[in-house]
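A.B. asks: Contents of query.cif (mmCIF, C-alpha atoms; chains and numbers go by the auth columns):
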data_query
loop_
_atom_site.group_PDB
_atom_site.id
_atom_site.type_symbol
_atom_site.label_atom_id
_atom_site.label_comp_id
_atom_site.label_asym_id
_atom_site.label_seq_id
_atom_site.Cartn_x
_atom_site.Cartn_y
_atom_site.Cartn_z
_atom_site.B_iso_or_equiv
_atom_site.auth_seq_id
_atom_site.auth_asym_id
ATOM 1 C CA SER A 1 -20.807 7.345 -7.286 0.00 1 A
ATOM 2 C CA SER A 2 -19.184 5.902 -4.198 0.00 2 A
ATOM 3 C CA ALA A 3 -17.555 7.872 -1.426 0.00 3 A
ATOM 4 C CA PRO A 4 -13.734 8.056 -1.537 0.00 4 A
ATOM 5 C CA LEU A 5 -11.918 5.309 0.309 0.00 5 A
ATOM 6 C CA VAL A 6 -9.208 6.155 2.846 0.00 6 A
ATOM 7 C CA TRP A 7 -7.053 3.770 4.851 0.00 7 A
ATOM 8 C CA ARG A 8 -3.867 3.796 6.869 0.00 8 A
ATOM 9 C CA HIS A 9 -1.552 1.357 8.558 0.00 9 A
ATOM 10 C CA GLU A 10 1.148 2.179 11.056 0.00 10 A
ATOM 11 C CA TRP A 11 4.081 -0.201 10.745 0.00 11 A
ATOM 12 C CA PRO A 12 4.871 -2.021 13.996 0.00 12 A
ATOM 13 C CA PRO A 13 8.165 -1.426 15.829 0.00 13 A
ATOM 14 C CA HIS A 14 9.711 -4.722 14.645 0.00 14 A
ATOM 15 C CA ILE A 15 9.409 -3.400 11.070 0.00 15 A
ATOM 16 C CA THR A 16 10.379 0.238 11.691 0.00 16 A
ATOM 17 C CA ALA A 17 13.434 -0.934 13.659 0.00 17 A
ATOM 18 C CA ARG A 18 14.686 -2.552 10.419 0.00 18 A
ATOM 19 C CA LEU A 19 14.227 0.610 8.330 0.00 19 A
ATOM 20 C CA VAL A 20 17.366 1.980 6.659 0.00 20 A
ATOM 21 C CA THR A 21 17.910 5.540 7.967 0.00 21 A
ATOM 22 C CA ASP A 22 20.783 7.927 8.549 0.00 22 A
ATOM 23 C CA THR A 23 21.088 6.472 12.037 0.00 23 A
ATOM 24 C CA ASN A 24 20.436 2.844 11.048 0.00 24 A
ATOM 25 C CA LEU A 25 22.588 2.123 8.019 0.00 25 A
ATOM 26 C CA SER A 26 22.483 -1.613 8.729 0.00 26 A
ATOM 27 C CA GLY A 27 18.700 -1.794 8.301 0.00 27 A
ATOM 28 C CA CYS A 28 17.266 -4.207 5.739 0.00 28 A
ATOM 29 C CA ILE A 29 13.980 -2.472 4.815 0.00 29 A
ATOM 30 C CA THR A 30 13.996 0.677 2.705 0.00 30 A
ATOM 31 C CA ASN A 31 11.434 3.443 2.422 0.00 31 A
ATOM 32 C CA SER A 32 10.752 2.187 -1.121 0.00 32 A
ATOM 33 C CA ASP A 33 10.004 -1.275 0.310 0.00 33 A
ATOM 34 C CA LEU A 34 7.412 0.268 2.648 0.00 34 A
ATOM 35 C CA GLU A 35 5.933 2.276 -0.244 0.00 35 A
ATOM 36 C CA LEU A 36 5.609 -0.937 -2.261 0.00 36 A
ATOM 37 C CA ALA A 37 4.002 -2.711 0.702 0.00 37 A
ATOM 38 C CA GLY A 38 1.578 0.208 1.025 0.00 38 A
ATOM 39 C CA GLY A 39 0.718 -0.167 -2.652 0.00 39 A
ATOM 40 C CA LEU A 40 -0.437 -3.723 -2.020 0.00 40 A
ATOM 41 C CA LEU A 41 -2.409 -2.681 1.066 0.00 41 A
ATOM 42 C CA HIS A 42 -4.024 -0.021 -1.110 0.00 42 A
ATOM 43 C CA LEU A 43 -5.096 -2.532 -3.754 0.00 43 A
ATOM 44 C CA ASP A 44 -6.467 -4.805 -1.063 0.00 44 A
ATOM 45 C CA ALA A 45 -8.506 -1.944 0.418 0.00 45 A
ATOM 46 C CA LEU A 46 -9.979 -1.372 -3.051 0.00 46 A
ATOM 47 C CA VAL A 47 -10.945 -5.009 -3.632 0.00 47 A
ATOM 48 C CA GLN A 48 -12.554 -5.170 -0.185 0.00 48 A
ATOM 49 C CA ALA A 49 -14.635 -2.018 -0.777 0.00 49 A
ATOM 50 C CA PHE A 50 -15.470 -2.190 -4.486 0.00 50 A
ATOM 51 C CA ASP A 51 -16.197 -4.838 -7.087 0.00 51 A
ATOM 52 C CA VAL A 52 -13.116 -4.421 -9.268 0.00 52 A
ATOM 53 C CA ARG A 53 -13.269 -7.824 -10.955 0.00 53 A
ATOM 54 C CA GLU A 54 -12.395 -7.542 -14.646 0.00 54 A
ATOM 55 C CA ARG A 55 -11.672 -3.822 -14.257 0.00 55 A
ATOM 56 C CA THR A 56 -8.534 -1.746 -14.620 0.00 56 A
ATOM 57 C CA VAL A 57 -7.451 -0.231 -11.297 0.00 57 A
ATOM 58 C CA LEU A 58 -5.203 2.830 -11.342 0.00 58 A
ATOM 59 C CA SER A 59 -2.777 3.398 -8.479 0.00 59 A
ATOM 60 C CA GLN A 60 -0.661 6.520 -8.297 0.00 60 A
ATOM 61 C CA GLY A 61 2.376 6.784 -6.070 0.00 61 A
ATOM 62 C CA ASP A 62 5.114 9.335 -5.486 0.00 62 A
ATOM 63 C CA ASN A 63 8.008 6.882 -5.205 0.00 63 A
ATOM 64 C CA LEU A 64 9.646 6.215 -8.580 0.00 64 A
ATOM 65 C CA SER A 65 11.357 2.995 -7.489 0.00 65 A
ATOM 66 C CA THR A 66 8.031 1.612 -6.343 0.00 66 A
ATOM 67 C CA THR A 67 6.269 2.666 -9.545 0.00 67 A
ATOM 68 C CA PHE A 68 8.926 0.945 -11.687 0.00 68 A
ATOM 69 C CA TRP A 69 8.769 -2.262 -9.614 0.00 69 A
ATOM 70 C CA GLU A 70 4.968 -2.286 -9.815 0.00 70 A
ATOM 71 C CA ARG A 71 5.009 -1.767 -13.581 0.00 71 A
ATOM 72 C CA LYS A 72 7.655 -4.428 -14.167 0.00 72 A
ATOM 73 C CA GLY A 73 6.124 -6.877 -11.702 0.00 73 A
ATOM 74 C CA SER A 74 9.445 -8.394 -10.738 0.00 74 A
ATOM 75 C CA THR A 75 12.932 -7.667 -9.520 0.00 75 A
ATOM 76 C CA SER A 76 16.142 -9.610 -9.991 0.00 76 A
ATOM 77 C CA THR A 77 17.123 -9.645 -6.327 0.00 77 A
ATOM 78 C CA ALA A 78 15.976 -11.740 -3.385 0.00 78 A
ATOM 79 C CA SER A 79 14.970 -8.586 -1.530 0.00 79 A
ATOM 80 C CA ALA A 80 11.694 -7.568 0.076 0.00 80 A
ATOM 81 C CA PRO A 81 10.364 -6.185 -3.252 0.00 81 A
ATOM 82 C CA ALA A 82 10.661 -9.644 -4.821 0.00 82 A
ATOM 83 C CA TYR A 83 8.461 -11.111 -2.082 0.00 83 A
ATOM 84 C CA LEU A 84 6.024 -8.191 -2.273 0.00 84 A
ATOM 85 C CA LEU A 85 5.749 -8.368 -6.062 0.00 85 A
ATOM 86 C CA ARG A 86 4.982 -12.089 -5.790 0.00 86 A
ATOM 87 C CA LEU A 87 2.078 -11.125 -3.514 0.00 87 A
ATOM 88 C CA PHE A 88 0.976 -8.435 -5.995 0.00 88 A
ATOM 89 C CA GLY A 89 0.745 -11.079 -8.722 0.00 89 A
ATOM 90 C CA ILE A 90 -1.187 -13.528 -6.581 0.00 90 A
ATOM 91 C CA HIS A 91 -3.502 -10.768 -5.325 0.00 91 A
ATOM 92 C CA GLN A 92 -4.228 -9.646 -8.880 0.00 92 A
ATOM 93 C CA ARG A 93 -5.055 -13.189 -9.984 0.00 93 A
ATOM 94 C CA VAL A 94 -7.186 -13.992 -6.957 0.00 94 A
ATOM 95 C CA HIS A 95 -9.249 -10.806 -7.304 0.00 95 A
ATOM 96 C CA SER A 96 -9.269 -10.660 -11.152 0.00 96 A
ATOM 97 C CA TYR A 97 -8.378 -6.999 -11.690 0.00 97 A
ATOM 98 C CA VAL A 98 -5.895 -5.364 -14.049 0.00 98 A
ATOM 99 C CA PRO A 99 -3.519 -3.010 -12.205 0.00 99 A
ATOM 100 C CA ARG A 100 -2.091 0.147 -13.749 0.00 100 A
ATOM 101 C CA PHE A 101 0.559 2.168 -11.971 0.00 101 A
ATOM 102 C CA ASP A 102 1.401 5.828 -12.533 0.00 102 A
ATOM 103 C CA TYR A 103 3.677 8.347 -10.873 0.00 103 A
ATOM 104 C CA ILE A 104 2.269 11.427 -9.125 0.00 104 A
ATOM 105 C CA SER A 105 4.554 14.062 -7.679 0.00 105 A
ATOM 106 C CA GLY A 106 4.805 14.234 -3.904 0.00 106 A
ATOM 107 C CA ALA A 107 3.598 17.825 -3.939 0.00 107 A
ATOM 108 C CA SER A 108 0.293 16.580 -5.416 0.00 108 A
ATOM 109 C CA ASN A 109 -0.083 13.725 -2.972 0.00 109 A
ATOM 110 C CA HIS A 110 -1.419 15.536 0.125 0.00 110 A
ATOM 111 C CA VAL A 111 -3.943 12.914 1.167 0.00 111 A
ATOM 112 C CA ALA A 112 -1.541 9.956 0.993 0.00 112 A
ATOM 113 C CA ASP A 113 1.200 11.901 2.760 0.00 113 A
ATOM 114 C CA SER A 114 -1.099 12.877 5.591 0.00 114 A
ATOM 115 C CA LEU A 115 -2.602 9.399 5.964 0.00 115 A
ATOM 116 C CA SER A 116 0.861 7.839 6.160 0.00 116 A
ATOM 117 C CA ARG A 117 2.256 10.273 8.733 0.00 117 A
ATOM 118 C CA ASN A 118 -0.415 11.550 11.090 0.00 118 A
ATOM 119 C CA PHE A 119 -1.159 8.503 13.193 0.00 119 A
ATOM 120 C CA HIS A 120 -1.488 10.720 16.254 0.00 120 A
ATOM 121 C CA LEU A 121 -4.740 12.117 14.830 0.00 121 A
ATOM 122 C CA PRO A 122 -8.019 10.224 15.235 0.00 122 A
ATOM 123 C CA TRP A 123 -9.931 9.662 11.982 0.00 123 A
ATOM 124 C CA PRO A 124 -12.385 12.588 12.410 0.00 124 A
ATOM 125 C CA ASP A 125 -9.557 15.081 12.974 0.00 125 A
ATOM 126 C CA LEU A 126 -7.470 13.638 10.155 0.00 126 A
ATOM 127 C CA LEU A 127 -10.357 13.762 7.679 0.00 127 A
ATOM 128 C CA SER A 128 -11.175 17.307 8.783 0.00 128 A
ATOM 129 C CA SER A 129 -7.572 18.351 8.113 0.00 129 A
ATOM 130 C CA LEU A 130 -7.894 16.884 4.596 0.00 130 A
ATOM 131 C CA SER A 131 -11.281 18.396 3.787 0.00 131 A
ATOM 132 C CA ALA A 132 -9.800 20.764 1.184 0.00 132 A
ATOM 133 C CA PHE A 133 -8.594 17.735 -0.821 0.00 133 A
ATOM 134 C CA LEU A 134 -11.672 15.496 -0.528 0.00 134 A
ATOM 135 C CA PRO A 135 -15.153 15.825 -2.049 0.00 135 A
ATOM 136 C CA GLN A 136 -17.364 17.613 0.456 0.00 136 A
ATOM 137 C CA SER A 137 -20.689 15.943 -0.291 0.00 137 A
ATOM 138 C CA ALA A 138 -19.679 12.295 -0.406 0.00 138 A
ATOM 139 C CA GLY A 139 -17.934 11.778 2.916 0.00 139 A
ATOM 140 C CA CYS A 140 -15.323 9.010 3.111 0.00 140 A
ATOM 141 C CA GLN A 141 -15.251 5.280 3.565 0.00 141 A
ATOM 142 C CA VAL A 142 -12.650 4.432 6.209 0.00 142 A
ATOM 143 C CA SER A 143 -10.939 1.084 5.762 0.00 143 A
ATOM 144 C CA THR A 144 -8.588 -0.851 7.987 0.00 144 A
ATOM 145 C CA PRO A 145 -6.323 -3.494 6.436 0.00 145 A
ATOM 146 C CA SER A 146 -7.282 -6.996 7.517 0.00 146 A
ATOM 147 C CA PRO A 147 -4.945 -8.917 9.821 0.00 147 A
ATOM 148 C CA GLN A 148 -4.449 -11.473 7.014 0.00 148 A
ATOM 149 C CA ILE A 149 -3.162 -8.975 4.439 0.00 149 A
ATOM 150 C CA VAL A 150 -1.053 -7.174 7.056 0.00 150 A
ATOM 151 C CA SER A 151 0.506 -10.510 8.031 0.00 151 A
ATOM 152 C CA ALA A 152 1.233 -11.415 4.397 0.00 152 A
ATOM 153 C CA VAL A 153 2.759 -8.007 3.640 0.00 153 A
ATOM 154 C CA THR A 154 4.786 -8.005 6.863 0.00 154 A
ATOM 155 C CA SER A 155 6.110 -11.474 6.038 0.00 155 A
ATOM 156 C CA ALA A 156 7.110 -10.256 2.577 0.00 156 A
ATOM 157 C CA LEU A 157 8.963 -7.299 4.095 0.00 157 A
ATOM 158 C CA LEU A 158 10.852 -9.853 6.191 0.00 158 A
ATOM 159 C CA ARG A 159 11.508 -11.963 3.051 0.00 159 A
ATOM 160 C CA GLN A 160 9.205 -14.781 4.047 0.00 160 A
ATOM 161 C CA LEU A 161 6.595 -16.451 1.849 0.00 161 A
ATOM 162 C CA SER A 162 2.898 -16.295 2.666 0.00 162 A
ATOM 163 C CA LEU A 163 0.104 -18.634 1.746 0.00 163 A
ATOM 164 C CA ARG A 164 -2.221 -17.710 -1.114 0.00 164 A
ATOM 165 C CA GLU A 165 -5.150 -17.953 1.309 0.00 165 A
ATOM 166 C CA SER A 166 -3.906 -14.889 3.191 0.00 166 A
ATOM 167 C CA LEU A 167 -4.877 -12.826 0.136 0.00 167 A
ATOM 168 C CA LEU A 168 -8.484 -14.004 -0.050 0.00 168 A
#
Using the file provided, produce a representation of the structure as structure tokens.
C.D. replies:
Amino acid sequence: SSAPLVWRHEWPPHITARLVTDTNLSGCITNSDLELAGGLLHLDALVQAFDVRERTVLSQGDNLSTTFWERKGSTSTASAPAYLLRLFGIHQRVHSYVPRFDYISGASNHVADSLSRNFHLPWPDLLSSLSAFLPQSAGCQVSTPSPQIVSAVTSALLRQLSLRESLL
């Protein structure tokens, strides 16, 4: 069996400045939008590390809005999720996998929570802090999202289309 795959991506300031918060009610990107974007980055990390062609790929997330969007594959608004879900569809077709999306409670999602919050920790320290949740014998594969997929996902968050080639 292969070693577990871990990845992380810290959103740049021009994205986090647009995040809807208690102090930024006029923002245009929600936490659910970022969760959905992370879901696509996750699938891309998988296709880069494993041969998933013609296989079913299970993703579990702790954001119900994101899980429902992923399962439905579309949204009726011209919001960031619509652009992201378009990328999901293209990504799935380009890489020939069948996605399946399930909900996992946040309390059970220690690894994802830590990877998405502890950017101050270098990889060795972060993986050490997660050792209780990861297989001890296998080690981990560390992945970094490619500039092309980050650009496509960032464009989608900003409600801009990306070229299909950015998902290859």
A.B. asks: Show which residues sit within 12 Å of Val20 in chain A, as a short mmCIF file (atom, residue, chain, number, x, y, z; two decimals) with C-alpha atoms, keeping the file's coordinate frame. Count all atoms listed in the file, and ignore same-chain residues fewer than 2 positions away.
C.D. replies:
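Saved result, around19.cif, follows:
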data_model
loop_
_atom_site.label_atom_id
_atom_site.label_comp_id
_atom_site.auth_asym_id
_atom_site.auth_seq_id
_atom_site.Cartn_x
_atom_site.Cartn_y
_atom_site.Cartn_z
CA ILE A 15 9.41 -3.40 11.07
CA THR A 16 10.38 0.24 11.69
CA ALA A 17 13.43 -0.93 13.66
CA ARG A 18 14.69 -2.55 10.42
CA ASP A 22 20.78 7.93 8.55
CA THR A 23 21.09 6.47 12.04
CA ASN A 24 20.44 2.84 11.05
CA LEU A 25 22.59 2.12 8.02
CA SER A 26 22.48 -1.61 8.73
CA GLY A 27 18.70 -1.79 8.30
CA CYS A 28 17.27 -4.21 5.74
CA ILE A 29 13.98 -2.47 4.82
CA THR A 30 14.00 0.68 2.70
CA ASN A 31 11.43 3.44 2.42
CA SER A 32 10.75 2.19 -1.12
CA ASP A 33 10.00 -1.27 0.31
CA LEU A 34 7.41 0.27 2.65
#
A.B. asks: Which of these residues is nearest to Thr67 in chain A, using only C-alpha atoms: A:Ile104, A:Ala80, A:Ala112, A:Leu87?
C.D. replies: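 Using only C-alpha atoms, Thr67 in chain A sits closest to A:Ile104.
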A.B. asks: Taking the file as I've supplied it (selection: the PyMOL selection byres ((chain A and resi 41) around 12)), which residues are included? Please answer as a ChimeraX atom specification.
C.D. replies: /A:6-11,34-40,42-48,59,84,87-88,91,143-154,167
A.B. asks: Starting from the point (-18.2, 4.7, -11.1), work out which residues of protein, DNA or RNA have an atom no more than 12 Å away when counting all atoms listed in the file; state them as a PyMOL selection string.
C.D. replies: chain A and resi 1-4+50-52+55+57
A.B. asks: For those residues, write C-alpha atoms to a file as a PDB file, in the coordinates of the input.
C.D. replies:
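Writing the result to result_24.pdb gives the following:
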ATOM      1  CA  SER A   1     -20.807   7.345  -7.286  1.00  0.00           C
ATOM      2  CA  SER A   2     -19.184   5.902  -4.198  1.00  0.00           C
ATOM      3  CA  ALA A   3     -17.555   7.872  -1.426  1.00  0.00           C
ATOM      4  CA  PRO A   4     -13.734   8.056  -1.537  1.00  0.00           C
ATOM      5  CA  PHE A  50     -15.470  -2.190  -4.486  1.00  0.00           C
ATOM      6  CA  ASP A  51     -16.197  -4.838  -7.087  1.00  0.00           C
ATOM      7  CA  VAL A  52     -13.116  -4.421  -9.268  1.00  0.00           C
ATOM      8  CA  ARG A  55     -11.672  -3.822 -14.257  1.00  0.00           C
ATOM      9  CA  VAL A  57      -7.451  -0.231 -11.297  1.00  0.00           C
TER      10      VAL A  57
END
A.B. asks: Separation of CA of Arg159 in chain A and CA of Leu85 in chain A, in Å?
C.D. replies: 11.4 Å
A.B. asks: Have a look at CA of Pro99 in chain A and CA of Arg86 in chain A and let me know their distance in Å, one decimal.
C.D. replies: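 Answer for the CA of Pro99 in chain A to CA of Arg86 in chain A separation: 14.0 Å.
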A.B. asks: If the PyMOL selection byres ((chain A and resi 74) around 10) is run on the structure shown, which residues does it catch, given as an mmCIF file with C-alpha atoms, in the frame of the given file?
C.D. replies:
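part.cif was written with the following content:
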data_model
loop_
_atom_site.group_PDB
_atom_site.id
_atom_site.type_symbol
_atom_site.label_atom_id
_atom_site.label_comp_id
_atom_site.auth_asym_id
_atom_site.auth_seq_id
_atom_site.Cartn_x
_atom_site.Cartn_y
_atom_site.Cartn_z
ATOM 1 C CA PHE A 68 8.926 0.945 -11.687
ATOM 2 C CA TRP A 69 8.769 -2.262 -9.614
ATOM 3 C CA GLU A 70 4.968 -2.286 -9.815
ATOM 4 C CA ARG A 71 5.009 -1.767 -13.581
ATOM 5 C CA LYS A 72 7.655 -4.428 -14.167
ATOM 6 C CA GLY A 73 6.124 -6.877 -11.702
ATOM 7 C CA THR A 75 12.932 -7.667 -9.520
ATOM 8 C CA SER A 76 16.142 -9.610 -9.991
ATOM 9 C CA THR A 77 17.123 -9.645 -6.327
ATOM 10 C CA PRO A 81 10.364 -6.185 -3.252
ATOM 11 C CA ALA A 82 10.661 -9.644 -4.821
ATOM 12 C CA TYR A 83 8.461 -11.111 -2.082
ATOM 13 C CA LEU A 84 6.024 -8.191 -2.273
ATOM 14 C CA LEU A 85 5.749 -8.368 -6.062
ATOM 15 C CA ARG A 86 4.982 -12.089 -5.790
ATOM 16 C CA PHE A 88 0.976 -8.435 -5.995
ATOM 17 C CA GLY A 89 0.745 -11.079 -8.722
#
A.B. asks: What is the CA of Ser96 in chain A-CA of Glu54 in chain A distance in Å, reported with one decimal?
C.D. replies: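 These atoms are spaced 5.6 Å apart.
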A.B. asks: Residues picked by the PyMOL selection byres ((chain A and resi 107-110) around 10) here, as a list in words?
C.D. replies: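 That expression, the PyMOL selection byres ((chain A and resi 107-110) around 10), corresponds here to Gln60, Gly61, Asp62, Ile104, Ser105, Gly106, Val111, Ala112, Asp113, Ser114, Leu115, Leu130, Ala132 and Phe133 of chain A.
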A.B. asks: Looking at all atoms listed in the file, which of A:Ala156, A:Leu161, A:Leu19, A:Ala138 is the one that sits closest to Leu5 in chain A?
C.D. replies: A:Ala138
A.B. asks: Measuring between all atoms listed in the file, which one of A:Ala49, A:Gln92, A:Asn118, A:Ser65 shows the shortest distance to Val142 in chain A?
C.D. replies: A:Ala49
A.B. asks: Can you take the partial range 86-101 of chain A, add N, CA and C atoms, and return it as an mmCIF file, keeping the file's coordinate frame?
C.D. replies:
data_model
loop_
_atom_site.group_PDB
_atom_site.id
_atom_site.type_symbol
_atom_site.label_atom_id
_atom_site.label_comp_id
_atom_site.auth_asym_id
_atom_site.auth_seq_id
_atom_site.Cartn_x
_atom_site.Cartn_y
_atom_site.Cartn_z
ATOM 1 N N ARG A 86 5.632 -10.781 -5.699
ATOM 2 C CA ARG A 86 4.982 -12.089 -5.790
ATOM 3 C C ARG A 86 3.562 -11.995 -5.237
ATOM 4 N N LEU A 87 3.412 -11.315 -4.095
ATOM 5 C CA LEU A 87 2.078 -11.125 -3.514
ATOM 6 C C LEU A 87 1.185 -10.286 -4.422
ATOM 7 N N PHE A 88 1.744 -9.245 -5.048
ATOM 8 C CA PHE A 88 0.976 -8.435 -5.995
ATOM 9 C C PHE A 88 0.378 -9.327 -7.081
ATOM 10 N N GLY A 89 1.210 -10.201 -7.648
ATOM 11 C CA GLY A 89 0.745 -11.079 -8.722
ATOM 12 C C GLY A 89 -0.347 -12.022 -8.274
ATOM 13 N N ILE A 90 -0.166 -12.617 -7.116
ATOM 14 C CA ILE A 90 -1.187 -13.528 -6.581
ATOM 15 C C ILE A 90 -2.469 -12.763 -6.290
ATOM 16 N N HIS A 91 -2.336 -11.591 -5.671
ATOM 17 C CA HIS A 91 -3.502 -10.768 -5.325
ATOM 18 C C HIS A 91 -4.295 -10.406 -6.586
ATOM 19 N N GLN A 92 -3.583 -10.011 -7.617
ATOM 20 C CA GLN A 92 -4.228 -9.646 -8.880
ATOM 21 C C GLN A 92 -4.988 -10.840 -9.458
ATOM 22 N N ARG A 93 -4.384 -12.016 -9.428
ATOM 23 C CA ARG A 93 -5.055 -13.189 -9.984
ATOM 24 C C ARG A 93 -6.254 -13.612 -9.144
ATOM 25 N N VAL A 94 -6.098 -13.586 -7.848
ATOM 26 C CA VAL A 94 -7.186 -13.992 -6.957
ATOM 27 C C VAL A 94 -8.398 -13.076 -7.118
ATOM 28 N N HIS A 95 -8.157 -11.779 -7.269
ATOM 29 C CA HIS A 95 -9.249 -10.806 -7.304
ATOM 30 C C HIS A 95 -9.606 -10.326 -8.719
ATOM 31 N N SER A 96 -8.920 -10.853 -9.733
ATOM 32 C CA SER A 96 -9.269 -10.660 -11.152
ATOM 33 C C SER A 96 -9.380 -9.204 -11.589
ATOM 34 N N TYR A 97 -8.412 -8.384 -11.211
ATOM 35 C CA TYR A 97 -8.378 -6.999 -11.690
ATOM 36 C C TYR A 97 -7.105 -6.795 -12.513
ATOM 37 N N VAL A 98 -7.071 -5.713 -13.259
ATOM 38 C CA VAL A 98 -5.895 -5.364 -14.049
ATOM 39 C C VAL A 98 -5.303 -4.098 -13.433
ATOM 40 N N PRO A 99 -4.106 -4.191 -12.836
ATOM 41 C CA PRO A 99 -3.519 -3.010 -12.205
ATOM 42 C C PRO A 99 -2.796 -2.125 -13.214
ATOM 43 N N ARG A 100 -2.860 -0.836 -12.986
ATOM 44 C CA ARG A 100 -2.091 0.147 -13.749
ATOM 45 C C ARG A 100 -1.445 1.080 -12.740
ATOM 46 N N PHE A 101 -0.187 1.379 -12.942
ATOM 47 C CA PHE A 101 0.559 2.168 -11.971
ATOM 48 C C PHE A 101 1.135 3.409 -12.632
#
